[in-house]
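Please read the structure below before turning to the comments.
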Amino acid sequence: MTTKRDLIFLILAGVFVSNAILAEIIGGKLIQVGPYLMSVGVILWPVVFLSTDIVNEYFGKSGVRRLTFLTVSLIVYAFVVLYLAMWTKAARVSPVTDEQFTAVFGQSLWIIVGSIAAFLVSQFVDVSVFWFFRNKTGTGYLWIRTTGSTAVSQLVDTFVIIGIAFYLPGKLSLNDYLKVALVNYSYKLIIAVALTPVIYAFHSAIDRYLGKSASDKLIHDAEKKD
């Protein structure tokens, strides 16, 4: 029988995994925001941050590790499927030609390659920073550990993935790469701060759903997990 605790983890896992994979697939498209360039995939990453912080809070390091390895496995699966799809010849009547398909999803492959390394490193950095602040502040000051962990981990993630996805294959010059990476990181950091009330709202909703005593026990148990 699925418990309330299991249901919360399943919902968070679904949000985490689906948004991470979608961000990889659509990330090859650059958009103009005023004078700035940014990857359209970056729009979804704040949702991933939010779910990571909530999983960290209630399910500890082990919960984030499980979701991280699951997501990386599914990203690799997506990579294999896209690669095979690109090498499968389109039918003569196909509305999407091989060239069009490769132009879109071929860039996604570079993003996926960079993302696997960046995602793994940034998630473990996120966990370490989150629990550094958690150990210093206890269960109070939720905003410090959520914003602090995002600020550090996404600095690593953004510059690594943009570098591998756009700079190394020659899609961007060094100057443009630094500009795009800085804009992407700034966006993530601003949204992370803006989402602080949302994180508190989710925290409160989970507390009400589980009951205060069960919620406190789950948070307390999260501290004991490796």
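Labeling convention for the structure tokens: chains A, B, ... as they appear, residues from 1 per chain, ligands from 1 in order of appearance.
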
(Q) Let's see if you can do this: from backbone DSSP, list all strand (DSSP E or B) residues in stretch 16-215 of chain A, as a PyMOL selection string. (A) chain A and resi 30-33+36-39

Export C-alpha atoms of the chosen residues as a tab-separated table (two decimals), in the first residue's frame?
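To be explicit, this is the file written out as part_9.tsv:
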chain	number	residue	atom	x	y	z
A	30	LEU	CA	18.57	29.87	-27.85
A	31	ILE	CA	16.12	32.69	-27.18
A	32	GLN	CA	16.57	36.45	-26.97
A	33	VAL	CA	15.49	38.07	-23.72
A	36	TYR	CA	20.55	38.72	-23.75
A	37	LEU	CA	20.80	35.19	-25.14
A	38	MET	CA	19.74	32.19	-23.09
A	39	SER	CA	18.84	28.55	-23.66

Just want the 9 Å neighbourhood of stretch 191-198 of chain A, counted on only C-alpha atoms, with same-chain residues fewer than 3 positions away dropped. Output as a compact mmCIF listing (two decimals) with N, CA and C atoms, in the first residue's frame.
# COMPACT_ATOMS: atom_id res chain seq x y z
N PRO A 46 14.47 25.91 -12.76
CA PRO A 46 14.01 26.30 -11.41
C PRO A 46 13.05 25.28 -10.79
N PHE A 49 15.24 22.72 -9.32
CA PHE A 49 15.84 23.20 -8.05
C PHE A 49 14.85 23.03 -6.91
N LEU A 50 13.62 23.48 -7.17
CA LEU A 50 12.60 23.46 -6.12
C LEU A 50 12.37 22.04 -5.61
N LEU A 142 15.17 28.06 6.30
CA LEU A 142 15.05 27.25 5.08
C LEU A 142 15.56 28.00 3.87
N TRP A 143 15.30 29.30 3.80
CA TRP A 143 15.69 30.09 2.63
C TRP A 143 17.20 30.14 2.43
N THR A 146 18.27 26.67 0.83
CA THR A 146 17.76 26.46 -0.53
C THR A 146 18.45 27.41 -1.52
N THR A 147 18.54 28.68 -1.15
CA THR A 147 19.17 29.65 -2.05
C THR A 147 20.68 29.42 -2.13
N THR A 150 21.53 26.32 -4.30
CA THR A 150 21.27 26.60 -5.71
C THR A 150 22.34 27.53 -6.29
N ALA A 151 22.71 28.56 -5.53
CA ALA A 151 23.69 29.53 -6.02
C ALA A 151 25.02 28.86 -6.36
N SER A 186 22.51 33.89 -14.04
CA SER A 186 21.82 35.00 -13.38
C SER A 186 20.32 34.73 -13.30
N TYR A 187 19.77 34.22 -14.41
CA TYR A 187 18.35 33.88 -14.43
C TYR A 187 18.03 32.84 -13.35
N LYS A 188 18.84 31.78 -13.30
CA LYS A 188 18.60 30.72 -12.31
C LYS A 188 18.66 31.26 -10.89
N ALA A 201 5.66 27.52 0.82
CA ALA A 201 4.28 27.09 0.62
C ALA A 201 4.20 25.58 0.47
N PHE A 202 5.12 24.99 -0.30
CA PHE A 202 5.16 23.53 -0.44
C PHE A 202 5.48 22.87 0.90
N HIS A 203 6.40 23.45 1.62
CA HIS A 203 6.77 22.93 2.94
C HIS A 203 5.54 22.89 3.85

**Q.** Nearest to A:Phe133 by atom-to-atom distance, counting only C-alpha atoms, from A:Asp216, A:Glu57, A:Leu7, A:Gly163
**A.** A:Glu57

A:Asp176: which residues within 10 Å, counting only C-alpha atoms, same-chain residues fewer than 6 positions away excluded, as a PDB file with N, CA, C and O atoms, in the first residue's frame?
ATOM      1  N   LEU A  37      21.073  36.517 -24.600  1.00  0.00           N
ATOM      2  CA  LEU A  37      20.796  35.191 -25.143  1.00  0.00           C
ATOM      3  C   LEU A  37      20.746  34.189 -24.007  1.00  0.00           C
ATOM      4  O   LEU A  37      21.573  34.233 -23.092  1.00  0.00           O
ATOM      5  N   PHE A 166      27.624  24.266 -26.351  1.00  0.00           N
ATOM      6  CA  PHE A 166      27.676  25.323 -27.357  1.00  0.00           C
ATOM      7  C   PHE A 166      29.092  25.788 -27.711  1.00  0.00           C
ATOM      8  O   PHE A 166      29.375  26.076 -28.874  1.00  0.00           O
ATOM      9  N   TYR A 167      29.986  25.869 -26.704  1.00  0.00           N
ATOM     10  CA  TYR A 167      31.329  26.383 -26.984  1.00  0.00           C
ATOM     11  C   TYR A 167      32.226  25.336 -27.651  1.00  0.00           C
ATOM     12  O   TYR A 167      32.834  25.599 -28.699  1.00  0.00           O
ATOM     13  N   LEU A 182      26.652  33.391 -18.273  1.00  0.00           N
ATOM     14  CA  LEU A 182      26.395  34.347 -17.192  1.00  0.00           C
ATOM     15  C   LEU A 182      24.915  34.714 -17.129  1.00  0.00           C
ATOM     16  O   LEU A 182      24.332  34.800 -16.042  1.00  0.00           O
TER      17      LEU A 182
END

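In this model, the gap between atom CA of A:Pro35 and atom CA of A:Ile190 comes to 17.2 Å.
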
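For the atom pair formed by atom CA of A:Ile161 and atom CA of A:Leu74, the distance is 17.4 Å, given to one decimal.
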
Q: Identify, on the basis of only C-alpha atoms, every residue whose closest approach to A:Leu210 does not exceed 12 Å; exclude the query and any residue fewer than 6 positions from it along the same chain; express the result as an NGL selection string.
A: :A and (3-8 or 58 or 203-204 or 216-219)

Output for the residues just chosen: C-alpha atoms as a CSV table (one decimal), in the first residue's frame:
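Now in part.csv:
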chain,number,residue,atom,x,y,z
A,3,THR,CA,1.8,5.7,2.1
A,4,LYS,CA,1.5,9.4,2.2
A,5,ARG,CA,5.3,9.6,2.5
A,6,ASP,CA,5.7,7.4,-0.6
A,7,LEU,CA,3.2,9.5,-2.6
A,8,ILE,CA,5.0,12.7,-1.8
A,58,TYR,CA,12.3,15.5,3.7
A,203,HIS,CA,6.8,22.9,2.9
A,204,SER,CA,3.6,24.1,4.7
A,216,ASP,CA,8.8,16.6,11.8
A,217,LYS,CA,9.8,12.9,12.1
A,218,LEU,CA,10.5,12.7,8.4
A,219,ILE,CA,12.6,15.8,8.5

Q: Name the residues of stretch 27-190 of chain A that fall into helix (DSSP H, G or I) according to DSSP on the backbone, using the chain letters and numbers of this document, as an NGL selection string.
A: :A and (40-43 or 45-87 or 98-137 or 142-167 or 174-190)

Can you tell me, as a PDB file with all heavy atoms, in the first residue's frame, what residues are no more than 8 Å from stretch 127-130 of chain A when counting only C-alpha atoms, ignoring any on the same chain fewer than 2 positions away?
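And here's result-v7.pdb as it stands now:
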ATOM      1  N   ASP A  53      15.347  20.743  -3.539  1.00  0.00           N
ATOM      2  CA  ASP A  53      15.397  21.277  -2.172  1.00  0.00           C
ATOM      3  C   ASP A  53      14.372  20.603  -1.264  1.00  0.00           C
ATOM      4  O   ASP A  53      14.653  20.327  -0.089  1.00  0.00           O
ATOM      5  CB  ASP A  53      15.155  22.792  -2.198  1.00  0.00           C
ATOM      6  CG  ASP A  53      16.319  23.556  -2.809  1.00  0.00           C
ATOM      7  OD1 ASP A  53      17.448  23.052  -2.734  1.00  0.00           O
ATOM      8  OD2 ASP A  53      16.085  24.647  -3.364  1.00  0.00           O
ATOM      9  N   ASN A  56      15.584  17.109  -0.522  1.00  0.00           N
ATOM     10  CA  ASN A  56      16.671  17.233   0.453  1.00  0.00           C
ATOM     11  C   ASN A  56      16.122  17.396   1.861  1.00  0.00           C
ATOM     12  O   ASN A  56      16.599  16.779   2.817  1.00  0.00           O
ATOM     13  CB  ASN A  56      17.521  18.463   0.104  1.00  0.00           C
ATOM     14  CG  ASN A  56      18.948  18.103  -0.254  1.00  0.00           C
ATOM     15  OD1 ASN A  56      19.490  17.125   0.231  1.00  0.00           O
ATOM     16  ND2 ASN A  56      19.545  18.903  -1.109  1.00  0.00           N
ATOM     17  N   LYS A  61      20.005  13.137   1.914  1.00  0.00           N
ATOM     18  CA  LYS A  61      20.976  12.933   0.838  1.00  0.00           C
ATOM     19  C   LYS A  61      20.654  11.701   0.007  1.00  0.00           C
ATOM     20  O   LYS A  61      20.823  11.692  -1.212  1.00  0.00           O
ATOM     21  CB  LYS A  61      22.382  12.793   1.426  1.00  0.00           C
ATOM     22  CG  LYS A  61      22.888  14.028   2.144  1.00  0.00           C
ATOM     23  CD  LYS A  61      24.263  13.781   2.739  1.00  0.00           C
ATOM     24  CE  LYS A  61      24.754  14.983   3.528  1.00  0.00           C
ATOM     25  NZ  LYS A  61      26.076  14.745   4.146  1.00  0.00           N
ATOM     26  N   VAL A  64      17.998  12.387  -2.663  1.00  0.00           N
ATOM     27  CA  VAL A  64      18.515  13.140  -3.809  1.00  0.00           C
ATOM     28  C   VAL A  64      19.411  12.254  -4.669  1.00  0.00           C
ATOM     29  O   VAL A  64      19.367  12.315  -5.899  1.00  0.00           O
ATOM     30  CB  VAL A  64      19.282  14.393  -3.342  1.00  0.00           C
ATOM     31  CG1 VAL A  64      19.905  15.120  -4.535  1.00  0.00           C
ATOM     32  CG2 VAL A  64      18.350  15.332  -2.588  1.00  0.00           C
ATOM     33  N   GLN A 123      24.509  18.326  -8.690  1.00  0.00           N
ATOM     34  CA  GLN A 123      23.576  17.775  -7.701  1.00  0.00           C
ATOM     35  C   GLN A 123      24.285  17.418  -6.403  1.00  0.00           C
ATOM     36  O   GLN A 123      23.765  17.662  -5.313  1.00  0.00           O
ATOM     37  CB  GLN A 123      22.880  16.531  -8.274  1.00  0.00           C
ATOM     38  CG  GLN A 123      21.758  16.832  -9.239  1.00  0.00           C
ATOM     39  CD  GLN A 123      20.641  17.623  -8.596  1.00  0.00           C
ATOM     40  OE1 GLN A 123      20.469  18.809  -8.864  1.00  0.00           O
ATOM     41  NE2 GLN A 123      19.866  16.989  -7.746  1.00  0.00           N
ATOM     42  N   PHE A 124      25.487  16.852  -6.512  1.00  0.00           N
ATOM     43  CA  PHE A 124      26.216  16.494  -5.295  1.00  0.00           C
ATOM     44  C   PHE A 124      26.768  17.731  -4.593  1.00  0.00           C
ATOM     45  O   PHE A 124      26.863  17.762  -3.364  1.00  0.00           O
ATOM     46  CB  PHE A 124      27.314  15.481  -5.610  1.00  0.00           C
ATOM     47  CG  PHE A 124      26.760  14.134  -5.992  1.00  0.00           C
ATOM     48  CD1 PHE A 124      27.066  13.547  -7.210  1.00  0.00           C
ATOM     49  CD2 PHE A 124      25.898  13.454  -5.143  1.00  0.00           C
ATOM     50  CE1 PHE A 124      26.528  12.317  -7.565  1.00  0.00           C
ATOM     51  CE2 PHE A 124      25.356  12.223  -5.487  1.00  0.00           C
ATOM     52  CZ  PHE A 124      25.675  11.656  -6.703  1.00  0.00           C
ATOM     53  N   VAL A 125      27.105  18.763  -5.373  1.00  0.00           N
ATOM     54  CA  VAL A 125      27.490  20.036  -4.765  1.00  0.00           C
ATOM     55  C   VAL A 125      26.286  20.634  -4.033  1.00  0.00           C
ATOM     56  O   VAL A 125      26.396  21.124  -2.910  1.00  0.00           O
ATOM     57  CB  VAL A 125      28.005  21.019  -5.840  1.00  0.00           C
ATOM     58  CG1 VAL A 125      28.140  22.430  -5.262  1.00  0.00           C
ATOM     59  CG2 VAL A 125      29.346  20.557  -6.385  1.00  0.00           C
ATOM     60  N   PHE A 132      25.394  21.530   4.614  1.00  0.00           N
ATOM     61  CA  PHE A 132      26.314  22.384   5.361  1.00  0.00           C
ATOM     62  C   PHE A 132      25.507  23.438   6.121  1.00  0.00           C
ATOM     63  O   PHE A 132      25.698  23.641   7.325  1.00  0.00           O
ATOM     64  CB  PHE A 132      27.309  23.062   4.409  1.00  0.00           C
ATOM     65  CG  PHE A 132      28.130  24.138   5.062  1.00  0.00           C
ATOM     66  CD1 PHE A 132      29.240  23.807   5.832  1.00  0.00           C
ATOM     67  CD2 PHE A 132      27.788  25.482   4.922  1.00  0.00           C
ATOM     68  CE1 PHE A 132      29.998  24.802   6.455  1.00  0.00           C
ATOM     69  CE2 PHE A 132      28.529  26.475   5.537  1.00  0.00           C
ATOM     70  CZ  PHE A 132      29.633  26.130   6.305  1.00  0.00           C
ATOM     71  N   PHE A 133      24.590  24.106   5.400  1.00  0.00           N
ATOM     72  CA  PHE A 133      23.757  25.123   6.048  1.00  0.00           C
ATOM     73  C   PHE A 133      22.744  24.502   7.002  1.00  0.00           C
ATOM     74  O   PHE A 133      22.444  25.074   8.050  1.00  0.00           O
ATOM     75  CB  PHE A 133      23.033  25.967   4.991  1.00  0.00           C
ATOM     76  CG  PHE A 133      23.917  26.958   4.292  1.00  0.00           C
ATOM     77  CD1 PHE A 133      24.160  26.850   2.929  1.00  0.00           C
ATOM     78  CD2 PHE A 133      24.510  27.988   4.988  1.00  0.00           C
ATOM     79  CE1 PHE A 133      24.972  27.762   2.278  1.00  0.00           C
ATOM     80  CE2 PHE A 133      25.341  28.910   4.345  1.00  0.00           C
ATOM     81  CZ  PHE A 133      25.567  28.795   2.987  1.00  0.00           C
ATOM     82  N   ARG A 134      22.236  23.322   6.624  1.00  0.00           N
ATOM     83  CA  ARG A 134      21.261  22.654   7.502  1.00  0.00           C
ATOM     84  C   ARG A 134      21.911  22.301   8.846  1.00  0.00           C
ATOM     85  O   ARG A 134      21.309  22.485   9.907  1.00  0.00           O
ATOM     86  CB  ARG A 134      20.748  21.394   6.806  1.00  0.00           C
ATOM     87  CG  ARG A 134      19.864  20.488   7.641  1.00  0.00           C
ATOM     88  CD  ARG A 134      18.496  21.096   7.972  1.00  0.00           C
ATOM     89  NE  ARG A 134      17.699  20.145   8.710  1.00  0.00           N
ATOM     90  CZ  ARG A 134      16.896  19.239   8.154  1.00  0.00           C
ATOM     91  NH1 ARG A 134      16.765  19.186   6.833  1.00  0.00           N
ATOM     92  NH2 ARG A 134      16.198  18.411   8.896  1.00  0.00           N
ATOM     93  N   ARG A 145      19.474  27.712   3.144  1.00  0.00           N
ATOM     94  CA  ARG A 145      20.013  26.484   2.555  1.00  0.00           C
ATOM     95  C   ARG A 145      19.507  26.243   1.134  1.00  0.00           C
ATOM     96  O   ARG A 145      20.230  25.696   0.306  1.00  0.00           O
ATOM     97  CB  ARG A 145      19.748  25.277   3.439  1.00  0.00           C
ATOM     98  CG  ARG A 145      18.337  25.016   3.877  1.00  0.00           C
ATOM     99  CD  ARG A 145      18.319  23.829   4.850  1.00  0.00           C
ATOM    100  NE  ARG A 145      16.995  23.559   5.373  1.00  0.00           N
ATOM    101  CZ  ARG A 145      16.474  24.133   6.449  1.00  0.00           C
ATOM    102  NH1 ARG A 145      17.176  25.049   7.096  1.00  0.00           N
ATOM    103  NH2 ARG A 145      15.269  23.809   6.874  1.00  0.00           N
ATOM    104  N   THR A 146      18.267  26.669   0.829  1.00  0.00           N
ATOM    105  CA  THR A 146      17.764  26.458  -0.525  1.00  0.00           C
ATOM    106  C   THR A 146      18.446  27.411  -1.516  1.00  0.00           C
ATOM    107  O   THR A 146      18.905  26.995  -2.587  1.00  0.00           O
ATOM    108  CB  THR A 146      16.242  26.651  -0.591  1.00  0.00           C
ATOM    109  OG1 THR A 146      15.886  27.951  -0.112  1.00  0.00           O
ATOM    110  CG2 THR A 146      15.535  25.601   0.256  1.00  0.00           C
ATOM    111  N   GLY A 148      21.304  29.145  -0.999  1.00  0.00           N
ATOM    112  CA  GLY A 148      22.752  28.926  -0.987  1.00  0.00           C
ATOM    113  C   GLY A 148      23.168  27.721  -1.809  1.00  0.00           C
ATOM    114  O   GLY A 148      24.140  27.775  -2.587  1.00  0.00           O
ATOM    115  N   SER A 149      22.442  26.610  -1.675  1.00  0.00           N
ATOM    116  CA  SER A 149      22.786  25.401  -2.425  1.00  0.00           C
ATOM    117  C   SER A 149      22.590  25.604  -3.922  1.00  0.00           C
ATOM    118  O   SER A 149      23.395  25.153  -4.744  1.00  0.00           O
ATOM    119  CB  SER A 149      21.955  24.204  -1.935  1.00  0.00           C
ATOM    120  OG  SER A 149      20.565  24.454  -2.084  1.00  0.00           O
ATOM    121  N   VAL A 152      25.482  27.961  -5.512  1.00  0.00           N
ATOM    122  CA  VAL A 152      26.773  27.308  -5.740  1.00  0.00           C
ATOM    123  C   VAL A 152      26.674  26.221  -6.806  1.00  0.00           C
ATOM    124  O   VAL A 152      27.467  26.175  -7.747  1.00  0.00           O
ATOM    125  CB  VAL A 152      27.313  26.713  -4.426  1.00  0.00           C
ATOM    126  CG1 VAL A 152      28.635  25.983  -4.682  1.00  0.00           C
ATOM    127  CG2 VAL A 152      27.514  27.796  -3.379  1.00  0.00           C
TER     128      VAL A 152
END

**Q.** Polymer residues at most 12 Å from A:Gly28, only C-alpha atoms, same-chain spacing of 4 or more positions, as an MDAnalysis selection string
**A.** chainID A and resid 22:24 38:42 102:112 114:115 161:162 164:166 171

Q: Find the residues around A:Asp98 up to 10 Å (only C-alpha atoms counted), leave out those fewer than 5 positions away in its own chain, and share them as an MDAnalysis selection string.
A: chainID A and resid 85:91 103

Writing out the chosen residues with N, CA and C atoms as a compact mmCIF listing (two decimals), in the first residue's frame:
# COMPACT_ATOMS: atom_id res chain seq x y z
N ALA A 85 17.25 7.39 -33.52
CA ALA A 85 16.24 8.04 -34.35
C ALA A 85 16.88 8.87 -35.45
N MET A 86 18.02 9.49 -35.15
CA MET A 86 18.70 10.30 -36.16
C MET A 86 19.28 9.43 -37.29
N TRP A 87 19.65 8.21 -36.93
CA TRP A 87 20.25 7.32 -37.93
C TRP A 87 19.21 6.48 -38.66
N THR A 88 17.95 6.62 -38.28
CA THR A 88 16.87 5.94 -38.99
C THR A 88 16.35 6.86 -40.08
N LYS A 89 16.40 6.41 -41.31
CA LYS A 89 16.03 7.25 -42.45
C LYS A 89 14.53 7.60 -42.44
N ALA A 90 14.24 8.86 -42.72
CA ALA A 90 12.85 9.31 -42.80
C ALA A 90 12.21 8.79 -44.09
N ALA A 91 10.93 8.52 -44.02
CA ALA A 91 10.19 8.10 -45.22
C ALA A 91 10.07 9.28 -46.18
N ALA A 103 19.09 18.59 -37.22
CA ALA A 103 19.41 19.97 -36.82
C ALA A 103 18.86 20.28 -35.43

Using only C-alpha atoms, what does the table of stretch 30-101 of chain A residues within 7 Å of stretch 17-21 of chain A look like, with each row giving the shortest atom pair and its distance in Å to one decimal, sorted by chain and ascending number, as CSV?
residue,atom,partner,partner_atom,distance
A:Leu44,CA,A:Asn19,CA,6.1
A:Trp45,CA,A:Ala20,CA,6.9
A:Val48,CA,A:Asn19,CA,6.5
A:Thr71,CA,A:Val17,CA,5.5
A:Ile75,CA,A:Ile21,CA,6.2

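Atom CA of A:Val76 to atom CA of A:Ser62 spans 21.2 Å [interatomic distance, one decimal].
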